[in-house]
$ cat data-v6.txt   # compact mmCIF, C-alpha atoms
# COMPACT_ATOMS: atom_id res chain seq x y z
CA MET A 3 -27.90 8.72 154.00
CA ARG A 4 -28.07 5.44 152.11
CA LEU A 5 -27.52 5.42 148.35
CA ALA A 6 -28.34 2.61 145.94
CA LEU A 7 -25.77 2.43 143.13
CA PHE A 8 -26.87 0.40 140.14
CA GLY A 9 -25.84 0.04 136.52
CA ASP A 10 -25.61 -2.19 133.47
CA ILE A 11 -29.38 -2.51 133.47
CA HIS A 12 -29.32 -3.38 129.79
CA ALA A 13 -33.04 -3.04 129.19
CA ASN A 14 -33.96 -5.70 131.76
CA LEU A 15 -37.06 -4.18 133.32
CA GLU A 16 -37.87 -7.08 135.64
CA ALA A 17 -34.38 -6.93 137.17
CA LEU A 18 -34.49 -3.14 137.48
CA GLU A 19 -37.83 -3.12 139.26
CA ALA A 20 -36.66 -5.88 141.62
CA VAL A 21 -33.52 -3.91 142.50
CA LEU A 22 -35.40 -0.68 143.12
CA ALA A 23 -37.93 -2.47 145.31
CA ASP A 24 -35.13 -4.11 147.31
CA ALA A 25 -33.33 -0.78 147.69
CA GLU A 26 -36.48 0.80 149.08
CA ARG A 27 -36.85 -2.05 151.58
CA GLN A 28 -33.23 -1.52 152.60
CA GLY A 29 -33.97 2.10 153.44
CA CYS A 30 -32.15 3.73 150.55
CA THR A 31 -32.85 7.45 150.33
CA ASP A 32 -31.07 8.25 147.06
CA TYR A 33 -30.25 6.50 143.80
CA VAL A 34 -27.32 6.67 141.37
CA CYS A 35 -27.12 5.01 137.93
CA LEU A 36 -23.75 3.91 136.55
CA GLY A 37 -24.77 3.67 132.90
CA ASP A 38 -25.74 1.19 130.21
CA VAL A 39 -29.45 1.64 130.73
CA VAL A 40 -30.12 0.01 127.34
CA GLY A 41 -28.71 -2.74 125.11
CA TYR A 42 -29.00 -6.56 124.99
CA ASN A 43 -32.48 -7.04 126.50
CA ALA A 44 -36.00 -6.21 125.36
CA ASP A 45 -37.20 -3.20 127.40
CA PRO A 46 -34.95 -0.27 126.44
CA GLY A 47 -37.71 2.35 126.39
CA PRO A 48 -39.38 1.38 129.69
CA CYS A 49 -36.02 1.10 131.48
CA LEU A 50 -34.90 4.47 130.17
CA GLU A 51 -38.14 6.10 131.25
CA ARG A 52 -37.99 4.45 134.67
CA VAL A 53 -34.48 5.76 135.30
CA ARG A 54 -35.23 9.19 133.86
CA ALA A 55 -38.31 9.56 136.06
CA MET A 56 -36.15 9.04 139.14
CA ASN A 57 -34.23 12.24 138.33
CA CYS A 58 -31.11 10.72 139.81
CA PRO A 59 -27.46 11.16 138.75
CA VAL A 60 -26.69 9.02 135.67
CA VAL A 61 -23.49 8.57 133.65
CA LYS A 62 -23.27 7.39 130.06
CA GLY A 63 -22.36 3.80 129.22
CA ASN A 64 -21.00 2.48 125.94
CA HIS A 65 -24.34 0.90 124.99
CA ASP A 66 -26.09 4.17 125.78
CA GLU A 67 -23.71 5.91 123.38
CA ASP A 68 -24.07 3.29 120.64
CA ALA A 69 -27.86 3.09 120.92
CA SER A 70 -28.22 6.87 120.69
CA GLY A 71 -25.96 7.31 117.66
CA THR A 72 -26.14 6.53 113.97
CA HIS A 73 -22.57 5.31 113.50
CA SER A 74 -21.75 1.86 112.15
CA LEU A 75 -21.70 -1.05 114.58
CA ASP A 76 -19.72 -3.35 112.25
CA SER A 77 -16.71 -3.51 114.56
CA MET A 78 -18.78 -4.79 117.49
CA ASN A 79 -19.56 -8.29 118.62
CA PRO A 80 -22.34 -9.43 116.21
CA VAL A 81 -24.77 -10.34 119.01
CA ALA A 82 -24.33 -6.99 120.75
CA ALA A 83 -24.54 -5.15 117.43
CA SER A 84 -27.77 -6.94 116.50
CA ALA A 85 -29.33 -5.98 119.84
CA LEU A 86 -28.19 -2.37 119.46
CA GLU A 87 -29.61 -2.07 115.95
CA TRP A 88 -32.94 -3.33 117.33
CA THR A 89 -32.66 -0.96 120.31
CA ARG A 90 -32.16 2.04 118.02
CA GLN A 91 -35.48 1.22 116.36
CA GLN A 92 -37.29 1.05 119.70
CA LEU A 93 -36.17 4.43 121.03
CA SER A 94 -37.66 7.77 120.08
CA GLU A 95 -35.42 10.61 118.96
CA GLU A 96 -36.18 12.35 122.25
CA GLN A 97 -35.03 9.29 124.20
CA ARG A 98 -31.86 9.02 122.12
CA LEU A 99 -31.17 12.69 122.80
CA TRP A 100 -31.46 12.06 126.54
CA LEU A 101 -28.87 9.29 126.26
CA ARG A 102 -26.55 11.43 124.15
CA ARG A 103 -26.62 14.22 126.71
CA LEU A 104 -25.50 12.03 129.61
CA ARG A 105 -22.11 12.95 131.04
CA MET A 106 -19.20 10.51 131.19
CA VAL A 107 -18.11 11.40 134.73
CA ARG A 108 -19.97 12.98 137.64
CA GLN A 109 -19.33 13.77 141.27
CA VAL A 110 -22.12 12.87 143.69
CA GLU A 111 -21.81 13.97 147.30
CA ASP A 112 -18.12 13.30 148.00
CA PHE A 113 -17.58 10.42 145.54
CA THR A 114 -17.21 10.03 141.78
CA ILE A 115 -19.15 7.91 139.28
CA VAL A 116 -18.09 6.71 135.82
CA HIS A 117 -19.15 3.81 133.63
CA SER A 118 -15.72 2.55 132.65
CA THR A 119 -12.58 4.33 133.90
CA LEU A 120 -11.55 7.83 134.91
CA ASP A 121 -8.31 7.89 132.90
CA GLN A 122 -10.03 7.44 129.51
CA PRO A 123 -13.79 7.27 130.10
CA ALA A 124 -14.70 7.51 126.38
CA ASN A 125 -12.44 4.59 125.42
CA TRP A 126 -14.56 2.15 127.44
CA ASN A 127 -11.61 0.27 128.92
CA TYR A 128 -12.30 -2.72 131.16
CA VAL A 129 -10.91 -3.06 134.68
CA THR A 130 -10.59 -6.77 135.42
CA ASN A 131 -7.62 -6.83 137.81
CA ARG A 132 -5.60 -4.60 140.13
CA PHE A 133 -3.15 -3.68 137.39
CA ASP A 134 -5.99 -2.23 135.30
CA ALA A 135 -7.18 -0.33 138.38
CA MET A 136 -3.80 1.34 138.93
CA SER A 137 -4.25 3.68 135.96
CA ASN A 138 -7.65 4.75 137.22
CA PHE A 139 -6.38 5.68 140.68
CA SER A 140 -4.00 8.22 139.13
CA TYR A 141 -7.07 10.18 137.96
CA GLN A 142 -9.26 9.60 141.01
CA PHE A 143 -9.44 12.71 143.17
CA THR A 144 -12.17 11.52 145.54
CA GLN A 145 -11.72 8.76 148.09
CA VAL A 146 -14.38 6.57 146.47
CA CYS A 147 -15.33 6.02 142.84
CA PHE A 148 -18.10 3.69 141.63
CA HIS A 149 -18.19 2.22 138.13
CA GLY A 150 -19.62 -0.65 136.08
CA HIS A 151 -18.95 -1.94 132.55
CA THR A 152 -17.54 -5.42 133.33
CA HIS A 153 -20.82 -6.67 134.87
CA VAL A 154 -18.81 -8.17 137.75
CA PRO A 155 -18.81 -6.70 141.30
CA ARG A 156 -15.27 -5.90 142.34
CA VAL A 157 -13.51 -3.71 144.90
CA TYR A 158 -10.02 -2.30 144.43
CA VAL A 159 -8.30 -0.57 147.33
CA LYS A 160 -5.26 1.69 147.11
CA THR A 161 -3.10 2.15 150.19
CA ASP A 162 0.66 1.89 149.65
CA LYS A 163 -0.28 -0.63 146.95
CA VAL A 164 -3.37 -1.61 144.97
CA GLN A 165 -5.20 -4.80 145.90
CA GLU A 166 -8.56 -6.44 145.24
CA VAL A 167 -10.76 -7.34 148.20
CA PRO A 168 -13.98 -9.41 148.25
CA ALA A 169 -17.06 -7.58 146.93
CA GLU A 170 -19.28 -8.27 149.92
CA SER A 171 -19.13 -5.62 152.64
CA VAL A 172 -16.45 -2.92 152.57
CA VAL A 173 -15.64 -0.35 155.25
CA ILE A 174 -14.33 2.91 153.76
CA GLU A 175 -11.26 3.66 155.83
CA GLU A 176 -9.39 6.94 156.18
CA GLY A 177 -6.22 7.13 154.09
CA SER A 178 -7.33 4.58 151.46
CA LYS A 179 -8.90 5.01 148.03
CA TYR A 180 -11.60 2.74 146.61
CA PHE A 181 -12.57 1.93 143.02
CA ILE A 182 -15.76 -0.11 143.27
CA ASN A 183 -17.68 -1.96 140.57
CA ALA A 184 -21.33 -2.24 141.65
CA GLY A 185 -22.01 -5.24 139.40
CA SER A 186 -24.83 -5.55 136.89
CA VAL A 187 -28.58 -5.28 137.33
CA GLY A 188 -29.62 -6.76 134.01
CA GLN A 189 -26.87 -9.11 132.82
CA PRO A 190 -24.51 -10.35 135.58
CA ARG A 191 -21.38 -12.13 134.39
CA ASP A 192 -19.94 -13.60 137.57
CA GLY A 193 -21.86 -16.88 137.49
CA ASP A 194 -24.73 -15.60 139.66
CA TRP A 195 -27.86 -14.83 137.62
CA ARG A 196 -29.41 -12.59 140.27
CA ALA A 197 -29.43 -8.81 139.80
CA CYS A 198 -26.58 -7.07 141.58
CA TYR A 199 -26.20 -3.57 143.00
CA ALA A 200 -24.44 -1.78 145.88
CA ILE A 201 -25.60 0.30 148.82
CA TYR A 202 -23.34 3.06 150.14
CA ASP A 203 -24.14 4.09 153.72
CA LEU A 204 -22.38 7.45 153.99
CA ASP A 205 -23.03 7.84 157.71
CA HIS A 206 -21.39 4.52 158.54
CA HIS A 207 -18.76 4.62 155.74
CA LEU A 208 -19.94 1.22 154.54
CA VAL A 209 -20.55 -0.30 151.10
CA VAL A 210 -22.66 -3.47 150.94
CA PHE A 211 -23.42 -5.54 147.84
CA ARG A 212 -26.90 -6.95 147.28
CA ARG A 213 -28.14 -9.81 145.05
CA VAL A 214 -31.81 -9.84 144.14
CA ASP A 215 -34.04 -12.50 142.57
CA TYR A 216 -36.25 -11.37 139.69
CA ASP A 217 -38.63 -12.92 137.15
CA ILE A 218 -35.94 -14.13 134.76
CA GLU A 219 -38.38 -16.24 132.74
CA ALA A 220 -40.41 -13.13 131.87
CA THR A 221 -37.26 -11.34 130.72
CA GLN A 222 -36.18 -14.32 128.61
CA LYS A 223 -39.60 -14.58 126.97
CA LYS A 224 -39.54 -10.91 126.02
CA ILE A 225 -36.11 -11.35 124.40
CA LEU A 226 -37.30 -14.28 122.31
CA ASP A 227 -40.61 -12.64 121.43
CA ALA A 228 -38.74 -9.56 120.21
CA GLY A 229 -36.67 -11.67 117.82
CA LEU A 230 -33.40 -10.85 119.56
CA PRO A 231 -30.59 -13.45 119.49
CA PRO A 232 -31.61 -16.44 121.68
CA MET A 233 -28.16 -16.42 123.27
CA LEU A 234 -29.14 -13.23 125.10
CA ALA A 235 -31.95 -15.08 126.85
CA GLU A 236 -29.87 -18.18 127.54
CA ARG A 237 -26.93 -16.36 129.08
CA LEU A 238 -29.08 -14.69 131.74
CA ALA A 239 -29.73 -18.00 133.50
CA ASP A 240 -26.00 -18.76 133.53
CA GLY A 241 -24.96 -15.37 134.86
CA ARG A 242 -22.46 -14.88 132.05

$ encode --input "data-v6.txt" --output "structure tokens"
Amino acid sequence: MRLALFGDIHANLEALEAVLADAERQGCTDYVCLGDVVGYNADPGPCLERVRAMNCPVVKGNHDEDASGTHSLDSMNPVAASALEWTRQQLSEEQRLWLRRLRMVRQVEDFTIVHSTLDQPANWNYVTNRFDAMSNFSYQFTQVCFHGHTHVPRVYVKTDKVQEVPAESVVIEEGSKYFINAGSVGQPRDGDWRACYAIYDLDHHLVVFRRVDYDIEATQKKILDAGLPPMLAERLADGR
């Protein structure tokens, strides 16, 4: 059984389609979405419908929550808030309802998925180092948990201590716990513009990270044509 774990799509349809095509070529049999289907980029509706049609496990991200609500966005970063206001106008009430109904935390097979953290999933805390990860492990009751939110692939391992290991290829070993960020499909922030996702091979206890080229120029043109902040198009090429 090979599962493709992907998240932080952020309405980037070209990146999403490229990731799903790559996952199929890699022999993935199942798919899991780690949240933030919408926000930032110009294809919220098509990305939402693509994910929904897959009928796969999905958890709610902070942009999913903000795009599906009616609350004020004044406290947010102005660029993100502008994109979310636009996104709200693009989604139907039925699509917003689907986003609102997404759960914060789910168990899939023998692992857990969450967008941010297990200790306070609705507070949207960021895990950027091993000290941040320590709090999460106290609430992690499965050996492996996948998450997103930071847009950076990372792997934290808990043995007698918590450490970060390279997000490349990770063997899931007996007696250890793993908190794994699968990276971002639609807006990577680790300096690599390519879409990122992870494959979990349950039979071989192996997690492998994949980077996938996509038609970034098409995505950038859509952002500009939609009247979204130009910075959102520019940052894609920089992977930030």

$ residues_near_point --input "data-v6.txt" --point "(-24.2, -0.5, 142.8)" --cutoff "6 Å" --atoms "only C-alpha atoms" --output "list in words"
Leu7, Phe8, Ala184, Tyr199 and Ala200 of chain A

$ closest_residue --input "data-v6.txt" --among "A:Ala23, A:Leu238, A:Ala69, A:Leu230" --to "Arg196 of chain A" --atoms "all atoms listed in the file"
A:Leu238

$ closest_residue --input "data-v6.txt" --among "A:Ala17, A:Val81, A:Ala169, A:Met3" --to "Gly188 of chain A" --atoms "only C-alpha atoms"
A:Ala17

$ residues_around --input "data-v6.txt" --residues "Ala124 of chain A" --least-positions-apart "4" --cutoff "10 Å" --atoms "only C-alpha atoms" --output "ChimeraX atom specification"
/A:62-64,67,106-107,117-120

$ residues_around --input "data-v6.txt" --residues "Ser186 of chain A" --least-positions-apart "3" --cutoff "8 Å" --atoms "only C-alpha atoms" --output "list of chain:residue names"
A:Phe8, A:Gly9, A:Asp10, A:Ile11, A:Gly150, A:His153, A:Val154, A:Pro155, A:Gln189, A:Pro190, A:Arg191, A:Ala197, A:Cys198, A:Tyr199

$ closest_residue --input "data-v6.txt" --among "A:Asn131, A:Gln165, A:Asn57, A:Gln28" --to "Ile201 of chain A" --atoms "all atoms listed in the file"
A:Gln28

$ closest_residue --input "data-v6.txt" --among "A:Glu87, A:Glu175, A:Ser94, A:Tyr202" --to "Thr31 of chain A" --atoms "all atoms listed in the file"
A:Tyr202

$ closest_residue --input "data-v6.txt" --among "A:Val129, A:Leu204, A:Val210, A:Cys49" --to "Pro168 of chain A" --atoms "all atoms listed in the file"
A:Val210

$ atom_distance --input "data-v6.txt" --atom1 "atom CA of Leu50 of chain A" --atom2 "atom CA of Tyr141 of chain A"
29.5 Å

$ closest_residue --input "data-v6.txt" --among "A:Ile115, A:Ala85, A:Val159, A:Cys58" --to "Ala135 of chain A" --atoms "only C-alpha atoms"
A:Val159

$ atom_distance --input "data-v6.txt" --atom1 "atom CA of Gln97 of chain A" --atom2 "atom CA of Asp112 of chain A"
29.5 Å

$ atom_distance --input "data-v6.txt" --atom1 "atom CA of Ser70 of chain A" --atom2 "atom CA of Arg52 of chain A"
17.2 Å

$ axis_aligned_box --input "data-v6.txt" --around "segment 153-169 of chain A" --padding-each-side "3 Å" --output "AutoDock Vina command-line options"
--center_x -10.1 --center_y -3.6 --center_z 142.5 --size_x 27.5 --size_y 17.6 --size_z 21.3

$ residues_around --input "data-v6.txt" --residues "Ser74 of chain A" --least-positions-apart "3" --cutoff "10 Å" --atoms "all atoms listed in the file" --output "mmCIF file with C-alpha atoms, keeping the file's coordinate frame"
data_model
loop_
_atom_site.group_PDB
_atom_site.id
_atom_site.type_symbol
_atom_site.label_atom_id
_atom_site.label_comp_id
_atom_site.auth_asym_id
_atom_site.auth_seq_id
_atom_site.Cartn_x
_atom_site.Cartn_y
_atom_site.Cartn_z
ATOM 1 C CA ASP A 68 -24.070 3.290 120.640
ATOM 2 C CA GLY A 71 -25.960 7.310 117.660
ATOM 3 C CA SER A 77 -16.710 -3.510 114.560
ATOM 4 C CA MET A 78 -18.780 -4.790 117.490
ATOM 5 C CA ALA A 83 -24.540 -5.150 117.430
ATOM 6 C CA GLU A 87 -29.610 -2.070 115.950
#

$ residues_around --input "data-v6.txt" --residues "Glu95 of chain A" --least-positions-apart "5" --cutoff "12 Å" --atoms "only C-alpha atoms" --output "list of chain:residue names"
A:Gly47, A:Ala69, A:Ser70, A:Gly71, A:Thr72, A:Thr89, A:Arg90, A:Trp100, A:Leu101, A:Arg102

$ residues_around --input "data-v6.txt" --residues "Trp88 of chain A" --least-positions-apart "2" --cutoff "10 Å" --atoms "only C-alpha atoms" --output "list in words"
Gly41, Tyr42, Asn43, Ala44, Pro46, Ala69, Ala82, Ala83, Ser84, Ala85, Leu86, Arg90, Gln91, Gln92, Leu93, Ala228, Gly229 and Leu230 of chain A

$ build_atoms --input "data-v6.txt" --residues "segment 38-51 of chain A" --atoms "N, CA and C atoms" --output "PDB file, in the frame of the given file"
ATOM      1  N   ASP A  38     -25.230   2.317 130.985  1.00  0.00           N
ATOM      2  CA  ASP A  38     -25.740   1.190 130.210  1.00  0.00           C
ATOM      3  C   ASP A  38     -27.165   0.836 130.638  1.00  0.00           C
ATOM      4  N   VAL A  39     -28.024   1.822 130.469  1.00  0.00           N
ATOM      5  CA  VAL A  39     -29.450   1.640 130.730  1.00  0.00           C
ATOM      6  C   VAL A  39     -30.047   0.701 129.690  1.00  0.00           C
ATOM      7  N   VAL A  40     -29.541   0.769 128.453  1.00  0.00           N
ATOM      8  CA  VAL A  40     -30.120   0.010 127.340  1.00  0.00           C
ATOM      9  C   VAL A  40     -29.109  -0.993 126.786  1.00  0.00           C
ATOM     10  N   GLY A  41     -29.564  -1.738 125.758  1.00  0.00           N
ATOM     11  CA  GLY A  41     -28.710  -2.740 125.110  1.00  0.00           C
ATOM     12  C   GLY A  41     -29.014  -4.146 125.604  1.00  0.00           C
ATOM     13  N   TYR A  42     -28.864  -5.134 124.714  1.00  0.00           N
ATOM     14  CA  TYR A  42     -29.000  -6.560 124.990  1.00  0.00           C
ATOM     15  C   TYR A  42     -30.445  -7.039 125.180  1.00  0.00           C
ATOM     16  N   ASN A  43     -31.168  -6.489 126.151  1.00  0.00           N
ATOM     17  CA  ASN A  43     -32.480  -7.040 126.500  1.00  0.00           C
ATOM     18  C   ASN A  43     -33.619  -6.238 125.870  1.00  0.00           C
ATOM     19  N   ALA A  44     -34.855  -6.595 126.192  1.00  0.00           N
ATOM     20  CA  ALA A  44     -36.000  -6.210 125.360  1.00  0.00           C
ATOM     21  C   ALA A  44     -36.830  -5.031 125.843  1.00  0.00           C
ATOM     22  N   ASP A  45     -36.403  -4.327 126.904  1.00  0.00           N
ATOM     23  CA  ASP A  45     -37.200  -3.200 127.400  1.00  0.00           C
ATOM     24  C   ASP A  45     -36.392  -1.911 127.471  1.00  0.00           C
ATOM     25  N   PRO A  46     -35.769  -1.489 126.373  1.00  0.00           N
ATOM     26  CA  PRO A  46     -34.950  -0.270 126.440  1.00  0.00           C
ATOM     27  C   PRO A  46     -35.752   0.976 126.793  1.00  0.00           C
ATOM     28  N   GLY A  47     -36.905   1.168 126.127  1.00  0.00           N
ATOM     29  CA  GLY A  47     -37.710   2.350 126.390  1.00  0.00           C
ATOM     30  C   GLY A  47     -38.224   2.419 127.823  1.00  0.00           C
ATOM     31  N   PRO A  48     -38.891   1.351 128.307  1.00  0.00           N
ATOM     32  CA  PRO A  48     -39.380   1.380 129.690  1.00  0.00           C
ATOM     33  C   PRO A  48     -38.277   1.547 130.731  1.00  0.00           C
ATOM     34  N   CYS A  49     -37.112   0.936 130.521  1.00  0.00           N
ATOM     35  CA  CYS A  49     -36.020   1.100 131.480  1.00  0.00           C
ATOM     36  C   CYS A  49     -35.496   2.529 131.468  1.00  0.00           C
ATOM     37  N   LEU A  50     -35.353   3.092 130.273  1.00  0.00           N
ATOM     38  CA  LEU A  50     -34.900   4.470 130.170  1.00  0.00           C
ATOM     39  C   LEU A  50     -35.876   5.408 130.879  1.00  0.00           C
ATOM     40  N   GLU A  51     -37.154   5.220 130.635  1.00  0.00           N
ATOM     41  CA  GLU A  51     -38.140   6.100 131.250  1.00  0.00           C
ATOM     42  C   GLU A  51     -38.189   5.923 132.766  1.00  0.00           C
TER      43      GLU A  51
END
